[in-house]
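Just final_34.tsv here, TSV, C-alpha atoms:
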chain	number	residue	atom	x	y	z
A	1	GLY	CA	0.00	0.00	0.00
A	2	ALA	CA	0.89	3.67	-0.05
A	3	VAL	CA	2.66	4.93	3.06
A	4	VAL	CA	2.70	8.52	4.22
A	5	SER	CA	4.90	9.61	7.10
A	6	GLN	CA	4.95	12.75	9.19
A	7	HIS	CA	7.69	14.22	11.29
A	8	PRO	CA	7.71	15.06	14.10
A	9	SER	CA	4.93	13.02	15.66
A	10	ARG	CA	4.59	15.52	18.45
A	11	VAL	CA	6.13	18.85	19.26
A	12	ILE	CA	5.94	21.27	22.14
A	13	CYS	CA	7.07	24.81	21.57
A	14	LYS	CA	6.95	28.22	23.17
A	15	SER	CA	4.56	30.89	21.99
A	16	GLY	CA	6.07	33.00	19.22
A	17	THR	CA	8.27	30.32	17.72
A	18	SER	CA	7.79	28.68	14.34
A	19	VAL	CA	7.30	24.96	13.87
A	20	LYS	CA	7.86	22.95	10.70
A	21	ILE	CA	6.01	19.70	10.05
A	22	GLU	CA	7.10	17.38	7.27
A	23	CYS	CA	4.87	15.08	5.24
A	24	ARG	CA	6.50	12.44	3.06
A	25	SER	CA	5.14	9.88	0.64
A	26	LEU	CA	7.47	6.95	1.17
A	27	ASP	CA	6.80	4.60	-1.72
A	28	PHE	CA	5.05	6.74	-4.28
A	29	GLN	CA	5.14	10.19	-5.78
A	30	ALA	CA	2.44	12.69	-4.95
A	31	THR	CA	1.83	15.80	-6.99
A	32	THR	CA	-0.93	16.74	-4.57
A	33	MET	CA	-0.93	16.57	-0.82
A	34	PHE	CA	-3.45	17.90	1.65
A	35	TRP	CA	-3.11	19.39	5.12
A	36	TYR	CA	-5.83	18.99	7.72
A	37	ARG	CA	-6.32	20.18	11.25
A	38	GLN	CA	-8.22	18.24	13.88
A	39	PHE	CA	-9.36	19.40	17.31
A	40	PRO	CA	-9.93	16.86	20.10
A	41	LYS	CA	-12.90	14.60	19.41
A	42	LYS	CA	-13.72	16.63	16.33
A	43	SER	CA	-13.58	16.06	12.62
A	44	LEU	CA	-10.80	16.91	10.18
A	45	MET	CA	-10.90	20.34	8.62
A	46	LEU	CA	-9.09	20.81	5.33
A	47	MET	CA	-6.61	23.66	5.59
A	48	ALA	CA	-4.97	23.66	2.18
A	49	THR	CA	-4.09	21.70	-0.91
A	50	SER	CA	-0.37	21.47	-1.52
A	51	ASN	CA	0.69	21.29	-5.15
A	52	GLU	CA	4.18	20.25	-6.21
A	53	GLY	CA	5.99	23.11	-7.88
A	54	SER	CA	3.27	25.69	-7.35
A	55	LYS	CA	1.58	27.65	-4.61
A	56	ALA	CA	-0.73	25.96	-2.18
A	57	THR	CA	-4.46	26.53	-2.35
A	58	TYR	CA	-5.86	27.55	1.01
A	59	GLU	CA	-9.37	26.99	2.26
A	60	GLN	CA	-11.48	29.94	3.28
A	61	GLY	CA	-10.53	31.26	6.68
A	62	VAL	CA	-7.04	29.75	6.74
A	63	GLU	CA	-4.28	32.36	6.96
A	64	LYS	CA	-1.66	31.60	4.33
A	65	ASP	CA	0.93	33.77	6.06
A	66	LYS	CA	0.35	31.89	9.27
A	67	PHE	CA	0.48	28.40	7.79
A	68	LEU	CA	3.21	28.29	5.17
A	69	ILE	CA	3.14	25.31	2.85
A	70	ASN	CA	5.98	24.24	0.59
A	71	HIS	CA	5.80	21.27	-1.77
A	72	ALA	CA	9.33	21.23	-3.11
A	73	SER	CA	9.41	17.67	-4.41
A	74	LEU	CA	7.07	14.88	-5.41
A	75	THR	CA	7.56	13.17	-2.06
A	76	LEU	CA	7.72	16.03	0.44
A	77	SER	CA	5.39	18.76	1.59
A	78	THR	CA	6.05	20.92	4.64
A	79	LEU	CA	3.71	22.96	6.82
A	80	THR	CA	5.27	25.71	8.89
A	81	VAL	CA	3.21	27.24	11.65
A	82	THR	CA	4.72	30.69	12.00
A	83	SER	CA	4.75	32.60	15.28
A	84	ALA	CA	2.74	29.88	16.93
A	85	HIS	CA	0.27	30.70	19.70
A	86	PRO	CA	-1.62	28.46	22.11
A	87	GLU	CA	-4.71	28.54	19.89
A	88	ASP	CA	-2.64	26.85	17.16
A	89	SER	CA	-2.32	23.78	19.36
A	90	SER	CA	-3.95	20.97	17.45
A	91	PHE	CA	-3.46	17.67	15.63
A	92	TYR	CA	-2.20	18.28	12.09
A	93	ILE	CA	-2.62	15.52	9.53
A	94	CYS	CA	-1.41	15.37	5.95
A	95	SER	CA	-2.53	13.12	3.14
A	96	ALA	CA	-1.41	12.32	-0.36
A	97	ASN	CA	-3.25	11.02	-3.38
A	98	ALA	CA	-2.07	7.71	-4.80
A	99	LEU	CA	-3.33	5.42	-7.50
A	100	LEU	CA	-2.22	1.92	-6.68
A	101	ALA	CA	-1.96	-0.84	-9.26
A	102	THR	CA	-4.64	-2.75	-7.33
A	103	GLU	CA	-7.13	0.09	-7.46
A	104	ILE	CA	-8.97	1.90	-10.22
A	105	GLN	CA	-9.31	5.24	-8.48
A	106	GLU	CA	-7.00	7.55	-6.63
A	107	THR	CA	-7.34	7.36	-2.87
A	108	GLN	CA	-6.04	9.67	-0.19
A	109	TYR	CA	-3.57	8.06	2.17
A	110	PHE	CA	-3.08	9.76	5.49
A	111	GLY	CA	-0.04	10.34	7.60
A	112	PRO	CA	-0.06	9.45	11.31
A	113	GLY	CA	-0.47	13.08	12.34
A	114	THR	CA	1.57	15.60	14.33
A	115	ARG	CA	0.38	16.80	17.69
A	116	LEU	CA	1.39	20.40	18.30
A	117	LEU	CA	1.24	21.97	21.73
A	118	VAL	CA	2.09	25.64	22.03
A	119	LEU	CA	2.77	26.84	25.55
B	120	SER	CA	-22.09	23.39	8.69
B	121	GLN	CA	-20.13	20.39	7.53
B	122	GLN	CA	-20.89	18.57	4.32
B	123	GLY	CA	-21.12	15.27	6.14
B	124	GLU	CA	-22.98	14.78	9.37
B	125	GLU	CA	-22.76	11.49	11.18
B	126	ASP	CA	-25.19	9.75	13.40
B	127	PRO	CA	-24.85	8.61	16.09
B	128	GLN	CA	-21.96	10.60	17.55
B	129	ALA	CA	-21.10	7.72	19.83
B	130	LEU	CA	-21.96	4.04	19.93
B	131	SER	CA	-21.25	1.41	22.58
B	132	ILE	CA	-21.81	-2.26	21.79
B	133	GLN	CA	-20.78	-5.70	22.97
B	134	GLU	CA	-18.27	-7.75	21.05
B	135	GLY	CA	-20.04	-9.83	18.43
B	136	GLU	CA	-22.83	-7.34	17.87
B	137	ASN	CA	-23.23	-5.30	14.70
B	138	ALA	CA	-22.51	-1.58	14.59
B	139	THR	CA	-24.33	0.74	12.21
B	140	MET	CA	-23.57	4.38	11.64
B	141	ASN	CA	-25.01	6.85	9.19
B	142	CYS	CA	-23.73	9.81	7.24
B	143	SER	CA	-25.68	12.53	5.50
B	144	TYR	CA	-24.38	15.13	3.09
B	145	LYS	CA	-25.70	18.15	1.27
B	146	THR	CA	-24.19	18.57	-2.18
B	147	SER	CA	-23.48	16.37	-5.20
B	148	ILE	CA	-20.53	14.02	-4.85
B	149	ASN	CA	-18.23	11.89	-6.99
B	150	ASN	CA	-17.83	9.32	-4.28
B	151	LEU	CA	-18.13	8.78	-0.54
B	152	GLN	CA	-15.45	7.20	1.59
B	153	TRP	CA	-15.27	5.79	5.08
B	154	TYR	CA	-12.19	6.05	7.28
B	155	ARG	CA	-11.24	4.74	10.70
B	156	GLN	CA	-9.12	6.62	13.21
B	157	ASN	CA	-7.70	5.12	16.35
B	158	SER	CA	-7.16	7.57	19.18
B	159	GLY	CA	-4.39	10.05	18.40
B	160	ARG	CA	-3.51	8.39	15.12
B	161	GLY	CA	-3.92	9.02	11.43
B	162	LEU	CA	-6.78	7.82	9.29
B	163	VAL	CA	-7.06	4.42	7.69
B	164	HIS	CA	-9.05	4.17	4.47
B	165	LEU	CA	-11.77	1.54	4.75
B	166	ILE	CA	-13.93	1.67	1.68
B	167	LEU	CA	-14.92	3.92	-1.22
B	168	ILE	CA	-18.32	3.86	-2.87
B	169	ARG	CA	-18.90	5.74	-6.08
B	170	SER	CA	-21.97	7.84	-6.73
B	171	ASN	CA	-23.37	5.28	-9.17
B	172	GLU	CA	-23.02	2.40	-6.70
B	173	ARG	CA	-25.60	1.48	-4.10
B	174	GLU	CA	-23.84	-1.07	-1.94
B	175	LYS	CA	-20.33	-2.32	-1.37
B	176	HIS	CA	-18.75	-4.96	0.84
B	177	SER	CA	-15.29	-5.39	2.21
B	178	GLY	CA	-14.77	-8.18	4.73
B	179	ARG	CA	-17.00	-7.40	7.72
B	180	LEU	CA	-17.85	-3.97	6.35
B	181	ARG	CA	-20.94	-3.13	4.36
B	182	VAL	CA	-21.53	0.34	2.96
B	183	THR	CA	-24.69	1.62	1.33
B	184	LEU	CA	-25.23	4.84	-0.56
B	185	ASP	CA	-28.55	6.50	-1.33
B	186	THR	CA	-27.90	9.52	-3.51
B	187	SER	CA	-31.58	10.47	-3.58
B	188	LYS	CA	-31.49	10.88	0.20
B	189	LYS	CA	-27.86	12.02	0.20
B	190	SER	CA	-27.00	9.49	2.85
B	191	SER	CA	-24.72	6.54	3.45
B	192	SER	CA	-24.42	3.90	6.10
B	193	LEU	CA	-21.54	1.80	7.37
B	194	LEU	CA	-22.26	-1.56	8.97
B	195	ILE	CA	-19.61	-3.47	10.87
B	196	THR	CA	-20.72	-7.03	11.44
B	197	ALA	CA	-19.58	-9.29	14.28
B	198	SER	CA	-17.68	-6.47	15.93
B	199	ARG	CA	-14.43	-7.04	17.78
B	200	ALA	CA	-12.72	-5.07	20.52
B	201	ALA	CA	-10.14	-4.03	17.92
B	202	ASP	CA	-12.90	-2.22	16.01
B	203	THR	CA	-12.99	0.38	18.78
B	204	ALA	CA	-12.17	3.65	17.00
B	205	SER	CA	-13.73	6.74	15.48
B	206	TYR	CA	-15.27	6.32	12.06
B	207	PHE	CA	-15.56	9.18	9.60
B	208	CYS	CA	-17.36	9.52	6.32
B	209	ALA	CA	-15.88	11.83	3.72
B	210	THR	CA	-17.39	13.05	0.51
B	211	GLU	CA	-15.29	13.76	-2.52
B	212	ALA	CA	-16.34	16.33	-5.07
B	213	ALA	CA	-14.25	18.06	-7.70
B	214	GLY	CA	-10.50	18.45	-7.21
B	215	ASN	CA	-10.07	15.34	-5.05
B	216	LYS	CA	-10.92	17.39	-1.97
B	217	LEU	CA	-12.48	15.47	0.88
B	218	THR	CA	-15.03	16.92	3.27
B	219	PHE	CA	-15.32	14.97	6.48
B	220	GLY	CA	-18.29	14.29	8.68
B	221	GLY	CA	-18.21	14.75	12.42
B	222	GLY	CA	-17.42	11.12	13.10
B	223	THR	CA	-18.90	8.33	15.18
B	224	ARG	CA	-16.95	7.07	18.20
B	225	VAL	CA	-17.45	3.34	18.48
B	226	LEU	CA	-16.64	1.43	21.64
B	227	VAL	CA	-16.73	-2.35	21.42
B	228	LYS	CA	-16.75	-3.93	24.85
B	229	PRO	CA	-15.17	-7.37	25.20
Mind converting the file's structure to structure tokens?
Amino acid sequence: GAVVSQHPSRVICKSGTSVKIECRSLDFQATTMFWYRQFPKKSLMLMATSNEGSKATYEQGVEKDKFLINHASLTLSTLTVTSAHPEDSSFYICSANALLATEIQETQYFGPGTRLLVL
Amino acid sequence: SQQGEEDPQALSIQEGENATMNCSYKTSINNLQWYRQNSGRGLVHLILIRSNEREKHSGRLRVTLDTSKKSSSLLITASRAADTASYFCATEAAGNKLTFGGGTRVLVKP
């Protein structure tokens, strides 16, 4: 199957610092990756669509200057939370589209998530 | 409000029983997918049903889709303690973007 990894799995930082989260497709190439945010016991909210070689597309209400996305290669997308504040504490999950030989339609494969706590 | 709304929000059953959860959505879709999430983990894709399909099976999972009612159901038969997780439906429209429902937390008691 298609494996997506995230690093780090959890991070604690002080208010005002910036945090970078990496999302990698390990055994396939992904021209499109997605970044989601999830609050405790809540659903996933799509933040942005990350496109390799071009600018990310942000969902309404998501500050692009706050959440910087870079998709520099076909296997790596990064999300940087700039000047993080306690309200940015959340579970951030990425996903990548893959079309496996055993399937007839692209499916999103999700990373294990990164838990961010801003003190 | 979210595209997908799930019902019930939480479900507690005994091992061996069946678990049924429902998902409703508002707009036209290309397909509807179900995912499982264990606490604090990422999502695992369970099953995808296309808009022109009405029912699909995968192991102990059975998914139905009624596009006229804009609803879907997920049935887990003969549940096991390992099925304890949150289950989310997600609708896919144009651009491969997924919109998730609120989720159903399932607790299977041994």
*asked:* Give me, as a list in words, the residues of chain A touching chain B, with the criterion being at most 8 Å (counting all atoms listed in the file).
replied: Lys42, Ser43, Leu44, Met45, Leu46, Ile93, Gln108, Tyr109, Phe110, Gly111, Pro112 and Gly113 of chain A
_So the first atom is atom CA of B:Thr186 and the second is atom CA of A:Thr107; what is the distance between them in Å, to one decimal place?_
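So the two atoms, atom CA of B:Thr186 and atom CA of A:Thr107, lie 20.7 Å apart.
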*Counting all atoms listed in the file, which of B:Asn157, B:Asn141, B:Ser147, B:Ser198 gets nearest to B:Val182?*
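Once distances to B:Val182 are computed over all atoms listed in the file, the minimum belongs to B:Asn141.
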*asked:* I need the residue nearest B:Ser191 from this list: B:Ile168, B:Ala212, B:Cys142, B:Val225. Use all atoms listed in the file for the distance.
replied: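 Selected residue with least distance to B:Ser191: B:Cys142.
Across the model, the gap from atom CA of A:Ser5 to atom CA of B:His176 is 28.5 Å.
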*asked:* I'd like the neighbourhood of A:Thr49 as JSON, numbers by chain, where a residue qualifies if any of its atoms comes within 6 Å (using all atoms listed in the file), though same-chain residues fewer than 4 positions away should be ignored.
replied: {"A": [34, 56, 57]}
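For the set A:Lys14, A:Ser25, A:Ala96, A:Tyr36, the residue with the smallest atom-to-atom gap to A:Tyr58 is A:Tyr36, counting all atoms listed in the file.
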*Between A:Met33, A:Val4, A:Cys13, A:Leu117, which is the closest to A:Ala72 once you count all atoms listed in the file?*
A:Met33
_12 Å contact set for A:Leu119, only C-alpha atoms, chain neighbours under 2 positions out, as a VMD selection string_ = chain A and resid 11 to 17 83 to 89 116 to 117
As AutoDock Vina command-line options, what would the box around stretch 82-100 of chain A look like: edges along x, y and z, 8 Å added on every side, centre and edge lengths in Å to one decimal?
--center_x 0.0 --center_y 17.3 --center_z 7.3 --size_x 25.5 --size_y 46.7 --size_z 45.6
*What is the atom CA of A:Val3-atom CA of A:Leu76 distance in Å, reported with one decimal?*
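That distance, rounded to one decimal, is 12.5 Å.
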*Selection: 8 Å around B:Arg179, only C-alpha atoms, excl. self and same-chain fewer than 4 positions, as a ChimeraX atom specification*: /B:194-197
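Nearest residue to B:Trp153, choosing from B:Leu165, B:Gly135, B:Arg199, B:Arg173 and counting only C-alpha atoms: B:Leu165.
Counting all atoms listed in the file and comparing A:Ile21, A:Ala2, A:Leu26, A:Leu79, the residue that lies closest to A:Ser50 is A:Leu79.
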